[in-house]
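Trainee: Would you mind keeping the following structure in view while I ask a few things?
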Amino acid sequence: MSQRPLVVLLEIAMIAGIAVILNNTIALKLWPQGGSISLVMVPIVVLAFRRGWGAGVTAGLIVGMLDLMIAPFIVHPVQVVLDYPVAFAALGLAGLVKLREAPLGEQLGKVALAVSIAGLMRLAAHFTAGVIWFGEFAPEGFSPVLYSFLYNVSYIVPDMIISIMVMVTLLAKAPQLVTRPQ
């Protein structure tokens, strides 16, 4: 019997735990309706590269559900689904970009692309929830669409930039942590 499925499940559990810790302890939380700058993307993206997008999405889903239990901001059931499991599961989509055997420069570009795609998918989930349910927080005369976009971009883009820098450093200095095990 192969131990591979068990190893993957253990990695998903460990990565989810690390991501939750990073999202709730080492985070800059300045936004009144939720959102923070943290390193939550990094472990999920690492797992997505190592074990594929399915494992990454699963870990992200677990992170979203745990974050919901730890620090919920609930306005509506659909908002909960978009802001927690969907937004964090989207980070696992970074695994759709394959590193394969390529020169380091090409791999670094692919890592930046993958983190950007994952971050934009997360942004789409938070933006949608924001337009529909958090538009009431927009200043008088301010478009809820523009408000949601600016609000969510203000923490997700810095999160993406930091995550890209960390992932590029990890890939350059410790590629065995990021690439698929043989």
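The way I read the labels, and the way they are meant: chains A, B, ... in the order of the structure tokens, residue 1 as the first residue of every chain, and ligand 1 as the first ligand shown, with later ones counted on from there.
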Which residues of stretch 2-43 of chain A come within 12 Å of stretch 91-103 of chain A, and for each one, what is the closest pair of atoms and their distance in Å to one decimal, counting only C-alpha atoms, sorted by chain and residue number, as a Markdown table?

Mentor:
| residue | atom | partner | partner_atom | distance |
| --- | --- | --- | --- | --- |
| A:Ile12 | CA | A:Gly92 | CA | 11.0 |
| A:Ile15 | CA | A:Gly92 | CA | 11.5 |
| A:Ala16 | CA | A:Gly92 | CA | 11.3 |
| A:Ala19 | CA | A:Leu91 | CA | 11.4 |
| A:Leu39 | CA | A:Leu91 | CA | 11.9 |
| A:Val40 | CA | A:Leu91 | CA | 9.3 |
| A:Met41 | CA | A:Leu91 | CA | 6.6 |
| A:Val42 | CA | A:Leu91 | CA | 9.2 |
| A:Pro43 | CA | A:Gly92 | CA | 9.7 |

Trainee: Within 12 Å of A:Leu28, counting only C-alpha atoms, which residues show up once you throw out same-chain ones fewer than 6 positions away? Write them as a PDB file with N, CA and C atoms, in the first residue's frame, please.

Mentor:
ATOM      1  N   LEU A  22      -0.122  32.040  10.565  1.00  0.00           N
ATOM      2  CA  LEU A  22       0.403  33.235   9.903  1.00  0.00           C
ATOM      3  C   LEU A  22      -0.682  34.292   9.700  1.00  0.00           C
ATOM      4  N   GLY A  34     -12.659  43.767   8.075  1.00  0.00           N
ATOM      5  CA  GLY A  34     -11.890  42.563   7.803  1.00  0.00           C
ATOM      6  C   GLY A  34     -10.823  42.786   6.750  1.00  0.00           C
ATOM      7  N   GLY A  35      -9.954  41.802   6.618  1.00  0.00           N
ATOM      8  CA  GLY A  35      -8.830  41.898   5.700  1.00  0.00           C
ATOM      9  C   GLY A  35      -7.563  42.228   6.459  1.00  0.00           C
ATOM     10  N   SER A  36      -6.461  41.676   5.998  1.00  0.00           N
ATOM     11  CA  SER A  36      -5.175  41.948   6.633  1.00  0.00           C
ATOM     12  C   SER A  36      -4.056  41.627   5.657  1.00  0.00           C
ATOM     13  N   ILE A  37      -2.899  42.168   5.963  1.00  0.00           N
ATOM     14  CA  ILE A  37      -1.701  41.831   5.212  1.00  0.00           C
ATOM     15  C   ILE A  37      -0.967  40.789   6.047  1.00  0.00           C
ATOM     16  N   SER A  38      -0.795  39.610   5.468  1.00  0.00           N
ATOM     17  CA  SER A  38      -0.139  38.525   6.193  1.00  0.00           C
ATOM     18  C   SER A  38       0.586  37.632   5.189  1.00  0.00           C
ATOM     19  N   LEU A  39       1.116  36.544   5.686  1.00  0.00           N
ATOM     20  CA  LEU A  39       1.799  35.578   4.822  1.00  0.00           C
ATOM     21  C   LEU A  39       0.930  34.354   4.541  1.00  0.00           C
ATOM     22  N   VAL A  40      -0.387  34.491   4.698  1.00  0.00           N
ATOM     23  CA  VAL A  40      -1.293  33.342   4.532  1.00  0.00           C
ATOM     24  C   VAL A  40      -1.179  32.694   3.161  1.00  0.00           C
ATOM     25  N   SER A 154      -6.496  47.329  -1.336  1.00  0.00           N
ATOM     26  CA  SER A 154      -5.569  47.952  -0.382  1.00  0.00           C
ATOM     27  C   SER A 154      -4.853  46.947   0.517  1.00  0.00           C
ATOM     28  N   TYR A 155      -5.392  45.766   0.688  1.00  0.00           N
ATOM     29  CA  TYR A 155      -4.658  44.761   1.471  1.00  0.00           C
ATOM     30  C   TYR A 155      -4.268  43.532   0.647  1.00  0.00           C
ATOM     31  N   ILE A 156      -5.006  43.208  -0.399  1.00  0.00           N
ATOM     32  CA  ILE A 156      -4.668  42.011  -1.172  1.00  0.00           C
ATOM     33  C   ILE A 156      -3.445  42.248  -2.056  1.00  0.00           C
ATOM     34  N   PRO A 158      -0.802  44.353  -1.526  1.00  0.00           N
ATOM     35  CA  PRO A 158       0.416  44.227  -0.707  1.00  0.00           C
ATOM     36  C   PRO A 158       0.677  42.776  -0.275  1.00  0.00           C
ATOM     37  N   ASP A 159      -0.375  42.041   0.047  1.00  0.00           N
ATOM     38  CA  ASP A 159      -0.260  40.624   0.397  1.00  0.00           C
ATOM     39  C   ASP A 159       0.369  39.846  -0.759  1.00  0.00           C
TER      40      ASP A 159
END

Trainee: So that I can check the secondary structure, give me every residue of stretch 8-182 of chain A assigned helix (DSSP H, G or I) by backbone DSSP, as a PyMOL selection string.

Mentor: chain A and resi 8-24+41-51+53-70+77-96+104-133+135-137+144-173+175-178

Trainee: Considering only C-alpha atoms, give me a table of residues in stretch 45-110 of chain A that are at most 10 Å from stretch 168-175 of chain A, with the closest atom pair and distance in Å for each, as a Markdown table.

Mentor:
| residue | atom | partner | partner_atom | distance |
| --- | --- | --- | --- | --- |
| A:Val46 | CA | A:Leu170 | CA | 9.2 |
| A:Leu104 | CA | A:Ala172 | CA | 7.4 |
| A:Gly105 | CA | A:Ala172 | CA | 9.2 |
| A:Gln107 | CA | A:Leu171 | CA | 8.1 |
| A:Leu108 | CA | A:Val168 | CA | 5.8 |
| A:Gly109 | CA | A:Val168 | CA | 8.6 |
| A:Lys110 | CA | A:Val168 | CA | 9.7 |

Trainee: Given only C-alpha atoms as the basis, pick out the residue of A:Ala13, A:Ile62, A:Ile26, A:Val8 nearest to A:Val86.

Mentor: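 Among the listed residues, A:Ile62 lies closest to A:Val86.
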
Trainee: Considering only strand (DSSP E) as DSSP defines it on the backbone, what residues of stretch 11-77 of chain A qualify? List them as a VMD selection string.

Mentor: chain A and resid 27 to 28 37 to 38

Trainee: For stretch 147-149 of chain A, list every protein, DNA or RNA residue within 9 Å, evaluated using only C-alpha atoms, and leave out those in the same chain fewer than 5 positions away; present the list as a list of chain:residue names.

Mentor: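 Contacts, with the query itself left out: A:Leu123, A:His126, A:Phe127, A:Thr128, A:Ala129, A:Gly130, A:Val131, A:Phe134, A:Gly135, A:Phe137, A:Ala138, A:Pro139, A:Phe142, A:Ser154.
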
Trainee: With C-alpha atoms retained, export the selected residues as a PDB file, in the first residue's frame.

Mentor:
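This is the output file again-v6.pdb:
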ATOM      1  CA  LEU A 123      -9.648  39.454  -4.780  1.00  0.00           C
ATOM      2  CA  HIS A 126     -13.759  39.431  -1.625  1.00  0.00           C
ATOM      3  CA  PHE A 127     -14.712  42.087  -4.194  1.00  0.00           C
ATOM      4  CA  THR A 128     -17.984  40.314  -5.021  1.00  0.00           C
ATOM      5  CA  ALA A 129     -18.895  39.989  -1.349  1.00  0.00           C
ATOM      6  CA  GLY A 130     -17.932  43.628  -0.858  1.00  0.00           C
ATOM      7  CA  VAL A 131     -20.067  44.958  -3.676  1.00  0.00           C
ATOM      8  CA  PHE A 134     -20.349  45.846   2.284  1.00  0.00           C
ATOM      9  CA  GLY A 135     -21.460  48.663  -0.023  1.00  0.00           C
ATOM     10  CA  PHE A 137     -19.953  51.079   4.440  1.00  0.00           C
ATOM     11  CA  ALA A 138     -19.074  53.211   1.406  1.00  0.00           C
ATOM     12  CA  PRO A 139     -18.972  56.958   2.099  1.00  0.00           C
ATOM     13  CA  PHE A 142     -19.283  56.751  -3.258  1.00  0.00           C
ATOM     14  CA  SER A 154      -5.569  47.952  -0.382  1.00  0.00           C
TER      15      SER A 154
END

Trainee: If you measure from atom CA of A:Gln176 to atom CA of A:Glu11, what distance in Å do you get, rounded to one decimal?

Mentor: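 Atom-to-atom, atom CA of A:Gln176 to atom CA of A:Glu11, that is 14.4 Å.
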
Trainee: What does the distance from atom CA of A:Pro72 to atom CA of A:Arg122 come to in Å, to one decimal?

Mentor: 17.1 Å

Trainee: Which polymer residues have any atom within 10 Å of an atom of A:Ala89, counting only C-alpha atoms, with same-chain residues fewer than 3 positions away left out, as a VMD selection string?

Mentor: chain A and resid 44 53 to 65 82 84 to 86 92 to 93 118 121 to 122
